[in-house]
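A.B. asks: What follows is the file work-v3.csv, containing CSV, C-alpha atoms:
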```csv
chain,number,residue,atom,x,y,z
L,73,MET,CA,50.8,-93.7,-25.5
L,74,VAL,CA,49.5,-91.3,-27.9
L,75,THR,CA,48.1,-92.5,-31.2
L,76,SER,CA,48.9,-90.5,-34.4
L,77,LEU,CA,45.6,-89.1,-35.7
L,78,ALA,CA,44.5,-86.2,-37.9
L,79,THR,CA,43.9,-82.4,-38.0
L,80,LEU,CA,40.4,-81.3,-37.3
L,81,VAL,CA,38.3,-78.1,-37.3
L,82,ALA,CA,34.9,-79.4,-36.4
L,83,VAL,CA,31.7,-78.7,-34.6
L,84,ALA,CA,31.9,-79.7,-30.9
L,85,CYS,CA,30.7,-83.2,-30.3
L,86,THR,CA,27.8,-83.6,-27.8
L,87,SER,CA,28.0,-86.8,-25.9
L,88,THR,CA,25.2,-88.7,-24.2
L,89,PRO,CA,25.1,-92.2,-22.8
L,90,GLY,CA,24.5,-94.5,-25.6
L,91,PRO,CA,23.8,-98.2,-26.2
L,92,GLU,CA,25.6,-100.8,-24.3
L,93,SER,CA,27.9,-103.4,-25.9
L,94,GLY,CA,30.1,-106.3,-25.0
L,95,PRO,CA,31.8,-109.1,-26.8
L,96,PRO,CA,29.6,-110.7,-29.4
L,97,ALA,CA,29.8,-114.1,-27.5
L,98,GLY,CA,28.8,-112.4,-24.3
L,99,ASN,CA,32.1,-113.4,-22.6
L,100,ALA,CA,33.3,-110.1,-21.1
L,101,GLY,CA,34.9,-110.7,-17.7
L,102,VAL,CA,36.0,-114.3,-18.4
L,103,VAL,CA,39.6,-115.4,-18.0
L,104,ALA,CA,41.3,-115.1,-21.3
L,105,PRO,CA,42.1,-118.2,-23.3
L,106,ALA,CA,45.8,-119.2,-22.9
L,107,SER,CA,46.2,-119.1,-26.7
L,108,ALA,CA,45.3,-115.4,-26.9
L,109,VAL,CA,46.9,-113.8,-23.8
L,110,VAL,CA,49.1,-115.2,-21.2
L,111,ALA,CA,49.9,-113.3,-18.0
L,112,ARG,CA,52.7,-114.1,-15.6
L,113,THR,CA,52.8,-112.9,-12.0
L,114,ALA,CA,55.3,-110.3,-10.9
L,115,THR,CA,55.9,-107.8,-8.2
L,116,VAL,CA,55.7,-104.2,-9.5
L,117,PRO,CA,58.3,-101.9,-8.0
L,118,ALA,CA,57.7,-98.2,-7.5
L,119,ASP,CA,60.2,-97.3,-10.3
L,120,HIS,CA,59.6,-99.5,-13.3
L,121,ARG,CA,59.0,-99.4,-17.0
L,122,TYR,CA,56.9,-101.6,-19.3
L,123,ILE,CA,58.4,-102.3,-22.7
L,124,ALA,CA,56.5,-104.0,-25.6
L,125,LEU,CA,58.2,-106.3,-28.0
L,126,SER,CA,57.2,-108.6,-30.9
L,127,ASP,CA,58.4,-111.5,-32.9
L,128,GLY,CA,55.9,-110.8,-35.7
L,129,GLN,CA,52.9,-112.8,-34.6
L,130,THR,CA,53.2,-112.8,-30.8
L,131,GLY,CA,53.7,-109.7,-28.7
L,132,ARG,CA,55.4,-109.6,-25.3
L,133,ILE,CA,55.4,-107.0,-22.6
L,134,LEU,CA,58.4,-106.8,-20.2
L,135,LEU,CA,58.4,-105.3,-16.8
L,136,VAL,CA,61.8,-103.6,-16.1
L,137,ASP,CA,62.8,-103.0,-12.5
L,138,LEU,CA,64.8,-99.8,-12.6
L,139,ALA,CA,66.3,-100.3,-9.2
L,140,LYS,CA,67.7,-103.8,-9.9
L,141,GLY,CA,68.2,-103.4,-13.7
L,142,SER,CA,66.3,-106.6,-14.3
L,143,SER,CA,63.4,-107.4,-16.6
L,144,ALA,CA,60.7,-110.1,-16.7
L,145,GLU,CA,58.0,-111.0,-19.2
L,146,VAL,CA,54.6,-110.4,-17.8
L,147,VAL,CA,52.4,-110.6,-20.9
L,148,ALA,CA,52.4,-112.7,-24.1
L,149,ALA,CA,49.6,-111.7,-26.5
L,150,ARG,CA,48.6,-113.1,-29.9
L,151,GLY,CA,47.6,-110.9,-32.9
L,152,SER,CA,45.1,-111.7,-35.6
L,153,PRO,CA,46.0,-114.7,-37.8
L,154,GLY,CA,47.8,-113.7,-41.0
L,155,ARG,CA,48.3,-110.1,-39.9
L,156,PRO,CA,51.6,-108.7,-38.5
L,157,TYR,CA,51.4,-108.1,-34.8
L,158,TYR,CA,53.8,-105.5,-33.7
L,159,ALA,CA,54.4,-104.3,-30.1
L,160,PRO,CA,51.1,-104.9,-28.2
L,161,PRO,CA,49.3,-101.6,-27.5
L,162,PHE,CA,48.9,-101.2,-23.7
L,163,SER,CA,48.0,-98.6,-21.0
L,164,GLU,CA,48.9,-98.9,-17.3
L,165,SER,CA,47.3,-97.8,-14.1
L,166,ALA,CA,49.2,-95.3,-11.9
L,167,ASP,CA,50.8,-98.0,-9.8
L,168,GLY,CA,51.5,-100.2,-12.7
L,169,LYS,CA,49.7,-103.2,-11.3
L,170,ARG,CA,47.0,-103.2,-14.0
L,171,LEU,CA,47.5,-103.2,-17.7
L,172,LEU,CA,44.9,-102.7,-20.5
L,173,VAL,CA,46.3,-104.7,-23.5
L,174,ALA,CA,45.0,-105.0,-27.1
L,175,ALA,CA,45.1,-108.4,-28.6
L,176,VAL,CA,42.9,-110.8,-30.6
L,177,GLY,CA,39.6,-112.0,-29.1
L,178,PRO,CA,37.9,-115.4,-29.1
L,179,ALA,CA,36.0,-114.4,-32.3
L,180,GLU,CA,39.3,-113.3,-33.9
L,181,ARG,CA,38.3,-109.7,-33.7
L,182,SER,CA,40.1,-106.8,-31.9
L,183,ALA,CA,39.8,-107.1,-28.2
L,184,LEU,CA,40.9,-105.6,-24.9
L,185,TYR,CA,42.2,-107.5,-21.9
L,186,LEU,CA,42.8,-106.5,-18.3
L,187,ILE,CA,46.1,-107.8,-16.9
L,188,ASP,CA,46.4,-108.1,-13.2
L,189,VAL,CA,50.2,-108.2,-13.0
L,190,VAL,CA,50.5,-109.1,-9.3
L,191,ALA,CA,48.0,-112.0,-9.7
L,192,GLY,CA,49.3,-113.0,-13.1
L,193,ARG,CA,45.8,-113.1,-14.5
L,194,ALA,CA,44.4,-112.0,-17.9
L,195,THR,CA,40.6,-111.2,-18.3
L,196,LEU,CA,38.8,-110.4,-21.5
L,197,LEU,CA,37.0,-107.1,-21.2
L,198,TYR,CA,35.7,-106.3,-24.7
L,199,GLU,CA,35.8,-107.7,-28.2
L,200,ASP,CA,34.6,-105.4,-31.0
L,201,GLU,CA,31.8,-106.5,-33.3
L,202,GLU,CA,33.4,-105.3,-36.5
L,203,ILE,CA,37.1,-104.5,-36.1
L,204,TRP,CA,39.4,-107.3,-37.1
L,205,ALA,CA,42.9,-105.6,-36.9
L,206,VAL,CA,44.5,-105.2,-33.5
L,207,GLY,CA,45.8,-101.7,-33.9
L,208,PRO,CA,42.5,-99.7,-34.1
L,209,LEU,CA,41.5,-100.4,-30.5
L,210,HIS,CA,43.2,-97.6,-28.7
L,211,GLY,CA,42.5,-98.1,-25.0
L,212,VAL,CA,43.3,-96.0,-21.9
L,213,ILE,CA,42.9,-97.3,-18.4
L,214,SER,CA,42.1,-95.0,-15.5
L,215,PRO,CA,44.8,-94.2,-12.9
L,216,ASP,CA,43.1,-96.3,-10.3
L,217,GLY,CA,42.7,-99.2,-12.7
L,218,ALA,CA,38.9,-99.2,-12.2
L,219,ARG,CA,37.7,-97.9,-15.6
L,220,TYR,CA,38.8,-97.9,-19.2
L,221,ALA,CA,38.0,-96.0,-22.4
L,222,PHE,CA,38.7,-96.9,-26.0
L,223,HIS,CA,37.7,-96.2,-29.6
L,224,GLY,CA,35.6,-99.0,-31.1
L,225,HIS,CA,33.8,-99.2,-34.4
L,226,ASP,CA,31.1,-96.7,-33.4
L,227,GLY,CA,33.0,-94.2,-31.3
L,228,VAL,CA,34.5,-93.9,-27.8
L,229,ARG,CA,33.3,-96.4,-25.3
L,230,ILE,CA,33.7,-96.6,-21.5
L,231,GLY,CA,33.6,-99.6,-19.3
L,232,ASP,CA,34.5,-101.0,-15.9
L,233,THR,CA,37.5,-103.2,-15.5
L,234,ALA,CA,35.4,-105.3,-13.0
L,235,GLY,CA,33.5,-106.5,-16.1
L,236,GLY,CA,30.2,-106.0,-17.7
L,237,PRO,CA,29.0,-104.2,-20.9
L,238,THR,CA,30.5,-100.9,-22.1
L,239,ARG,CA,28.5,-97.8,-23.0
L,240,LEU,CA,28.9,-95.5,-26.0
L,241,PHE,CA,30.4,-92.3,-24.6
L,242,VAL,CA,31.1,-90.2,-27.7
L,243,GLU,CA,29.9,-91.1,-31.2
L,244,ASP,CA,32.1,-90.6,-34.3
L,245,GLU,CA,31.0,-87.5,-36.1
L,246,ASP,CA,31.8,-89.2,-39.4
L,247,PRO,CA,33.3,-92.8,-39.2
L,248,ALA,CA,34.6,-92.4,-42.7
L,249,ASP,CA,36.5,-89.3,-42.0
L,250,MET,CA,39.6,-89.7,-39.7
L,251,THR,CA,39.4,-86.0,-38.8
L,252,LYS,CA,36.0,-86.5,-37.2
L,253,ILE,CA,36.8,-89.4,-34.9
L,254,TRP,CA,37.5,-89.0,-31.2
L,255,TYR,CA,40.1,-91.1,-29.4
L,256,PRO,CA,40.8,-91.3,-25.7
L,257,LEU,CA,44.0,-89.7,-24.5
L,258,ALA,CA,44.1,-89.6,-20.7
L,259,TRP,CA,41.9,-89.9,-17.6
L,260,SER,CA,42.0,-87.3,-14.9
L,261,ILE,CA,43.5,-88.4,-11.6
L,262,ASP,CA,40.1,-88.9,-10.0
L,263,ARG,CA,38.7,-90.3,-13.3
L,264,SER,CA,35.9,-87.6,-13.2
L,265,ALA,CA,37.1,-86.3,-16.6
L,266,ILE,CA,38.8,-87.6,-19.7
L,267,VAL,CA,40.7,-86.0,-22.5
L,268,LEU,CA,39.7,-87.0,-26.0
L,269,ALA,CA,41.6,-86.1,-29.2
L,270,GLN,CA,41.1,-85.7,-32.9
L,271,GLY,CA,43.5,-85.7,-35.8
L,272,THR,CA,45.8,-87.7,-38.1
L,273,ASP,CA,49.6,-87.4,-38.5
L,274,MET,CA,49.8,-85.6,-35.2
L,275,ILE,CA,46.9,-85.0,-32.8
L,276,THR,CA,45.9,-81.4,-33.0
L,277,LYS,CA,42.5,-81.0,-31.2
L,278,ILE,CA,42.0,-82.1,-27.7
L,279,ALA,CA,38.9,-81.6,-25.4
L,280,VAL,CA,38.0,-82.4,-21.8
L,281,PHE,CA,34.8,-84.4,-21.3
L,282,ASP,CA,32.9,-85.1,-18.1
L,283,ALA,CA,33.2,-88.8,-17.5
L,284,ALA,CA,29.8,-89.1,-15.9
L,285,ASN,CA,27.6,-87.4,-18.5
L,286,GLY,CA,29.8,-86.9,-21.5
L,287,GLU,CA,29.5,-83.1,-21.5
L,288,GLN,CA,32.3,-81.5,-23.5
L,289,GLY,CA,34.2,-78.7,-21.8
L,290,TRP,CA,37.5,-77.0,-22.5
L,291,VAL,CA,38.9,-77.4,-26.0
L,292,GLY,CA,42.5,-76.8,-26.9
L,293,THR,CA,45.5,-77.8,-29.2
L,294,GLY,CA,48.1,-80.5,-28.4
L,295,SER,CA,49.5,-83.9,-28.9
L,296,GLN,CA,50.2,-85.2,-25.3
L,297,VAL,CA,48.8,-84.4,-21.9
L,298,SER,CA,49.6,-85.0,-18.2
L,299,TRP,CA,47.0,-84.6,-15.4
L,300,ARG,CA,47.6,-83.8,-11.8
L,301,ALA,CA,45.3,-83.3,-8.8
L,302,LYS,CA,45.4,-79.5,-8.4
L,303,ALA,CA,45.1,-76.5,-10.6
L,304,PRO,CA,46.4,-76.0,-13.2
L,305,PHE,CA,45.4,-79.6,-13.8
L,306,LEU,CA,46.6,-80.2,-17.3
L,307,ALA,CA,50.1,-79.9,-18.8
L,308,VAL,CA,50.0,-80.1,-22.6
L,309,ALA,CA,52.7,-80.6,-25.3
L,310,GLY,CA,52.0,-80.1,-29.0
L,311,SER,CA,53.8,-80.8,-32.2
L,312,ALA,CA,53.0,-79.6,-35.7
L,313,GLY,CA,52.4,-82.3,-38.3
L,314,SER,CA,51.9,-82.5,-42.1
L,315,PHE,CA,48.2,-81.5,-41.6
L,316,GLY,CA,48.4,-78.9,-38.9
L,317,GLY,CA,49.1,-78.5,-35.2
L,318,GLU,CA,51.4,-76.3,-33.3
L,319,ASN,CA,54.7,-76.7,-31.5
L,320,LEU,CA,54.0,-75.6,-27.9
L,321,VAL,CA,54.1,-76.5,-24.2
L,322,TYR,CA,51.6,-75.0,-21.8
L,323,VAL,CA,49.5,-75.6,-18.6
L,324,VAL,CA,45.8,-75.0,-18.3
L,325,ASP,CA,43.0,-75.3,-15.8
L,326,PRO,CA,40.1,-76.7,-17.9
L,327,ASN,CA,37.6,-75.3,-15.4
L,328,ASP,CA,38.3,-71.7,-16.4
L,329,GLY,CA,40.3,-72.1,-19.6
L,330,LEU,CA,43.2,-70.0,-18.3
L,331,VAL,CA,46.4,-71.0,-20.3
L,332,ARG,CA,50.0,-70.3,-19.4
L,333,ASP,CA,52.5,-70.8,-22.1
L,334,LEU,CA,55.8,-72.5,-21.0
L,335,GLU,CA,57.4,-72.6,-24.5
L,336,PRO,CA,57.0,-70.2,-27.3
L,337,LEU,CA,55.7,-71.4,-30.7
L,338,GLY,CA,58.8,-72.6,-32.6
L,339,THR,CA,60.4,-75.2,-34.8
L,340,LYS,CA,60.8,-77.8,-32.0
L,341,SER,CA,58.5,-80.8,-31.6
L,342,PHE,CA,57.5,-81.5,-28.0
L,343,GLY,CA,56.5,-84.7,-26.3
L,344,SER,CA,56.7,-87.0,-23.2
L,345,ILE,CA,55.2,-84.3,-21.0
L,346,ALA,CA,54.7,-85.1,-17.3
L,347,TRP,CA,53.9,-83.3,-14.1
L,348,HIS,CA,56.4,-83.7,-11.2
L,349,PRO,CA,54.8,-86.0,-8.6
L,350,SER,CA,54.7,-83.1,-6.0
L,351,ALA,CA,56.2,-79.9,-7.3
L,352,ASP,CA,54.9,-77.2,-9.7
L,353,ARG,CA,57.2,-78.4,-12.5
L,354,VAL,CA,56.9,-80.3,-15.7
L,355,LEU,CA,59.2,-82.4,-17.7
L,356,TYR,CA,59.1,-82.8,-21.5
L,357,THR,CA,61.2,-83.7,-24.5
L,358,ALA,CA,62.1,-81.6,-27.5
L,359,SER,CA,63.4,-82.6,-30.9
L,360,ASP,CA,64.1,-81.0,-34.2
L,361,ASP,CA,61.4,-83.1,-36.0
L,362,PRO,CA,58.6,-85.4,-35.0
L,363,PHE,CA,59.5,-89.0,-34.4
L,364,VAL,CA,63.3,-88.4,-33.9
L,365,GLU,CA,65.4,-88.4,-30.8
L,366,GLY,CA,65.7,-85.3,-28.7
L,367,ASP,CA,66.6,-83.6,-25.4
L,368,VAL,CA,65.0,-83.4,-22.0
L,369,TYR,CA,63.8,-80.2,-20.4
L,370,THR,CA,62.2,-79.2,-17.1
L,371,ARG,CA,60.2,-76.1,-16.4
L,372,ALA,CA,59.1,-74.9,-13.0
L,373,LEU,CA,56.0,-72.6,-13.1
L,374,ALA,CA,57.9,-70.0,-11.1
L,375,ASP,CA,60.9,-70.0,-13.4
L,376,PRO,CA,61.2,-67.7,-16.4
L,377,ALA,CA,62.6,-70.3,-18.8
L,378,PRO,CA,63.1,-74.1,-19.1
L,379,LYS,CA,66.2,-75.9,-18.1
L,380,ARG,CA,67.9,-78.5,-20.2
L,381,VAL,CA,68.7,-81.8,-18.5
L,382,GLU,CA,72.2,-83.0,-19.3
L,383,SER,CA,72.4,-86.4,-21.1
L,384,PRO,CA,75.2,-88.1,-23.0
L,385,LYS,CA,72.8,-89.3,-25.6
L,386,LYS,CA,69.7,-88.1,-27.5
L,387,ILE,CA,66.6,-89.8,-26.0
L,388,TRP,CA,63.2,-91.0,-27.0
L,389,ASP,CA,61.1,-90.3,-24.0
L,390,ALA,CA,61.5,-89.4,-20.3
L,391,TRP,CA,59.7,-89.6,-17.0
L,392,TRP,CA,60.1,-88.8,-13.3
L,393,SER,CA,61.0,-91.3,-10.7
L,394,SER,CA,58.1,-92.2,-8.3
L,395,ASP,CA,59.3,-89.6,-5.8
L,396,GLY,CA,60.4,-87.0,-8.4
L,397,SER,CA,64.1,-87.1,-7.3
L,398,ARG,CA,65.4,-88.6,-10.5
L,399,ILE,CA,64.6,-88.5,-14.2
L,400,TYR,CA,64.7,-91.6,-16.4
L,401,ALA,CA,64.9,-91.7,-20.2
L,402,THR,CA,65.0,-94.3,-23.0
L,403,ALA,CA,67.7,-94.2,-25.7
L,404,ALA,CA,69.0,-96.4,-28.4
L,405,ARG,CA,71.6,-98.9,-27.1
L,406,GLY,CA,75.0,-99.0,-28.8
L,407,THR,CA,74.8,-98.8,-32.6
L,408,THR,CA,71.2,-100.2,-32.9
L,409,ALA,CA,68.8,-98.4,-35.2
L,410,ALA,CA,67.5,-95.1,-33.7
L,411,THR,CA,63.9,-95.9,-34.1
L,412,PRO,CA,61.3,-96.0,-31.3
L,413,GLY,CA,60.1,-99.6,-30.8
L,414,VAL,CA,62.9,-101.1,-33.0
L,415,GLY,CA,66.2,-102.3,-31.8
L,416,ASP,CA,67.8,-102.5,-28.4
L,417,ILE,CA,67.4,-99.8,-25.8
L,418,ASP,CA,69.1,-98.4,-22.7
L,419,ILE,CA,67.3,-96.8,-19.8
L,420,LEU,CA,69.3,-93.9,-18.4
L,421,GLU,CA,69.2,-92.0,-15.2
L,422,LEU,CA,69.5,-88.2,-15.8
L,423,PRO,CA,71.4,-86.0,-15.4
L,424,GLY,CA,74.7,-88.0,-15.9
L,425,GLY,CA,73.5,-90.8,-18.1
L,426,ARG,CA,74.1,-93.8,-15.9
L,427,VAL,CA,72.6,-96.9,-17.6
L,428,VAL,CA,70.2,-98.4,-15.0
L,429,ALA,CA,68.7,-101.1,-17.3
L,430,SER,CA,69.0,-102.4,-20.9
L,431,VAL,CA,66.6,-104.4,-23.0
L,432,CYS,CA,67.7,-106.5,-26.0
L,433,ARG,CA,64.8,-107.6,-28.2
L,434,ALA,CA,66.4,-110.8,-29.5
L,435,ASP,CA,66.2,-112.4,-26.0
L,436,PRO,CA,62.8,-113.7,-24.8
L,437,ARG,CA,63.4,-112.0,-21.4
L,438,GLY,CA,64.9,-108.9,-23.0
L,439,GLN,CA,68.3,-109.7,-21.5
L,440,CYS,CA,71.5,-108.3,-23.1
L,441,ARG,CA,74.5,-110.5,-23.3
```
Kindly transcribe the structure held in the file into structure tokens.
C.D. replies:
Amino acid sequence: MVTSLATLVAVACTSTPGPESGPPAGNAGVVAPASAVVARTATVPADHRYIALSDGQTGRILLVDLAKGSSAEVVAARGSPGRPYYAPPFSESADGKRLLVAAVGPAERSALYLIDVVAGRATLLYEDEEIWAVGPLHGVISPDGARYAFHGHDGVRIGDTAGGPTRLFVEDEDPADMTKIWYPLAWSIDRSAIVLAQGTDMITKIAVFDAANGEQGWVGTGSQVSWRAKAPFLAVAGSAGSFGGENLVYVVDPNDGLVRDLEPLGTKSFGSIAWHPSADRVLYTASDDPFVEGDVYTRALADPAPKRVESPKKIWDAWWSSDGSRIYATAARGTTAATPGVGDIDILELPGGRVVASVCRADPRGQCR
């Protein structure tokens, strides 16, 4: 969900609406060619998980039903010819019924597609004029699935999933310097604001921008964020990288900048942060080093300290169930390689560790035999 970027100490970037842009061929909003992206209809349950797989050239996205323990392929996407295409980058709406997926476009450049999972339909939204690799298009769809933001060749752009041209939202301060490029991280619940980030290795600078006029507001430090609909609106987790950053967990109201630390600065790396669906409580993961398995913690704002969630295995990421009554987490399955995105995985229900679903990458449907 979060792209690894670079450390930055820079002048605040002022954003004004910029030139509009769409696919070079003017085909935004058309149904995607079957050779590029194929979508298959599926019912999206309240508790689900999307998992991206790849066979090298073609990427697949599976929808896992956590109540039934079953999975089904909902997207098959093609990468650029001659270039390895790993797990397709994607972002999902709050209800999971819409996906923003990166794949190759009709002109063989990097493109973004809207996937209507329920209808089984893929629609081309944007194809970049210059970028040929799939990976650089880091797109984020809004919670209601109506808008999307991404980093193109000239900066952060915003568009409507209903179709039409995009507009330049924030320009790159210096396109040749990775520390001076903004990337979208997360929309607010009402999509009135969006968090953008700067950095390499680990994201270290984040800022809240007004989605209507591009005005930059609160600026902070972190790697991952979670929005909710009431103050404090943002929960933030940060991890130190080779080029800077801090290990910390905190909540903040971007309107007044009031920060409340939930974890002291330390040696742990934090991630997978998420607000509880209804309570004043956050969930996050902590590990000894970045990009390794860790433990799950919860912290209520009224509590003096976090609580560790018991798990029989170290996990990669964790999230609340739709009603907040359970916690789910992904972990390496059996003796497979403990690397995120590689090997087979189990999805656990915590505490306790009951395996609710498994995904084995050798099978086209992710089934484990």
A.B. asks: For CA of Leu172 (chain L) and CA of Gly217 (chain L), quote the distance in Å rounded to one decimal.
C.D. replies: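 We find that CA of Leu172 (chain L) and CA of Gly217 (chain L) lie 8.8 Å from each other.
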A.B. asks: I'd like to know which of L:Val110, L:Ile213, L:Glu421, L:Arg229 is closest to Glu199 (chain L), using only C-alpha atoms.
C.D. replies: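 For Glu199 (chain L), the nearest of the candidates is L:Arg229.
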A.B. asks: Just the number, please: distance in Å from CA of Trp290 (chain L) to CA of Leu306 (chain L), one decimal.
C.D. replies: 11.0 Å
A.B. asks: Find the residue from L:Ala118, L:Ala111, L:Leu184, L:Ala139 that sits nearest to Tyr198 (chain L); use only C-alpha atoms when measuring.
C.D. replies: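 Nearest candidate to Tyr198 (chain L) out of L:Ala118, L:Ala111, L:Leu184, L:Ala139: L:Leu184.
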A.B. asks: What does the distance between CA of His120 (chain L) and CA of Lys169 (chain L) come to in Å, to one decimal place?
C.D. replies: 10.8 Å
A.B. asks: In terms of the shortest atom-to-atom distance over all atoms listed in the file, which of L:Gly154, L:Val190, L:Val136, L:Glu180 is closest to Thr113 (chain L)?
C.D. replies: L:Val190
A.B. asks: Just want the 10 Å neighbourhood of Asp352 (chain L), counted on only C-alpha atoms, with same-chain residues fewer than 5 positions away dropped. Output as a PyMOL selection string.
C.D. replies: chain L and resi 302-304+347+371-374
A.B. asks: Env of Gly329 (chain L): 12 Å cut, atoms = all atoms listed in the file, seq-sep filter 2 positions within chain, self excluded. Answer as an mmCIF file with C-alpha atoms, keeping the file's coordinate frame.
C.D. replies:
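The resulting file, selection-v3.cif, is shown below:
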```
data_model
loop_
_atom_site.group_PDB
_atom_site.id
_atom_site.type_symbol
_atom_site.label_atom_id
_atom_site.label_comp_id
_atom_site.auth_asym_id
_atom_site.auth_seq_id
_atom_site.Cartn_x
_atom_site.Cartn_y
_atom_site.Cartn_z
ATOM 1 C CA ALA L 279 38.900 -81.600 -25.400
ATOM 2 C CA VAL L 280 38.000 -82.400 -21.800
ATOM 3 C CA GLY L 289 34.200 -78.700 -21.800
ATOM 4 C CA TRP L 290 37.500 -77.000 -22.500
ATOM 5 C CA VAL L 291 38.900 -77.400 -26.000
ATOM 6 C CA GLY L 292 42.500 -76.800 -26.900
ATOM 7 C CA ALA L 303 45.100 -76.500 -10.600
ATOM 8 C CA PRO L 304 46.400 -76.000 -13.200
ATOM 9 C CA PHE L 305 45.400 -79.600 -13.800
ATOM 10 C CA LEU L 306 46.600 -80.200 -17.300
ATOM 11 C CA TYR L 322 51.600 -75.000 -21.800
ATOM 12 C CA VAL L 323 49.500 -75.600 -18.600
ATOM 13 C CA VAL L 324 45.800 -75.000 -18.300
ATOM 14 C CA ASP L 325 43.000 -75.300 -15.800
ATOM 15 C CA PRO L 326 40.100 -76.700 -17.900
ATOM 16 C CA ASN L 327 37.600 -75.300 -15.400
ATOM 17 C CA VAL L 331 46.400 -71.000 -20.300
ATOM 18 C CA ARG L 332 50.000 -70.300 -19.400
#
```
A.B. asks: My list of candidates is L:Ala269, L:Ala191, L:Ala166, L:Leu134. Which is closest to Met250 (chain L) when distances are computed with only C-alpha atoms?
C.D. replies: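 Of all the options, L:Ala269 lies closest to Met250 (chain L).
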A.B. asks: Measuring between all atoms listed in the file, which one of L:Gly231, L:Pro208, L:Gly415, L:Gly424 shows the shortest distance to Gly438 (chain L)?
C.D. replies: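 Under the stated criterion, the closest residue is L:Gly415.
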A.B. asks: Anything within 8 Å of (65.4, -82.4, -22.0): list those residues as a list in words, counting only C-alpha atoms and sticking to the file's coordinates.
C.D. replies: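 Residues with an atom at most 8 Å from (65.4, -82.4, -22.0): Leu355, Tyr356, Thr357, Ala358, Gly366, Asp367, Val368, Tyr369, Thr370, Lys379, Arg380, Val381 and Glu382 of chain L.
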A.B. asks: Take the selection from the previous step and output its residues with C-alpha atoms, as an mmCIF file, in the coordinates of the input.
C.D. replies:
```cif
data_model
loop_
_atom_site.group_PDB
_atom_site.id
_atom_site.type_symbol
_atom_site.label_atom_id
_atom_site.label_comp_id
_atom_site.auth_asym_id
_atom_site.auth_seq_id
_atom_site.Cartn_x
_atom_site.Cartn_y
_atom_site.Cartn_z
ATOM 1 C CA LEU L 355 59.200 -82.400 -17.700
ATOM 2 C CA TYR L 356 59.100 -82.800 -21.500
ATOM 3 C CA THR L 357 61.200 -83.700 -24.500
ATOM 4 C CA ALA L 358 62.100 -81.600 -27.500
ATOM 5 C CA GLY L 366 65.700 -85.300 -28.700
ATOM 6 C CA ASP L 367 66.600 -83.600 -25.400
ATOM 7 C CA VAL L 368 65.000 -83.400 -22.000
ATOM 8 C CA TYR L 369 63.800 -80.200 -20.400
ATOM 9 C CA THR L 370 62.200 -79.200 -17.100
ATOM 10 C CA LYS L 379 66.200 -75.900 -18.100
ATOM 11 C CA ARG L 380 67.900 -78.500 -20.200
ATOM 12 C CA VAL L 381 68.700 -81.800 -18.500
ATOM 13 C CA GLU L 382 72.200 -83.000 -19.300
#
```
A.B. asks: Which one of L:Ile266, L:Ala258, L:Ala390, L:Ala404 sits closest to Leu422 (chain L) if you count all atoms listed in the file?
C.D. replies: L:Ala390
A.B. asks: What's the 8 Å shell around Val212 (chain L), counting only C-alpha atoms, without same-chain residues fewer than 5 positions away, as a list of chain:residue names?
C.D. replies: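 Contacts, with the query itself left out: L:Phe162, L:Ser163, L:Glu164, L:Leu172, L:Tyr220, L:Ala221, L:Phe222, L:Pro256, L:Leu257, L:Ala258, L:Trp259.
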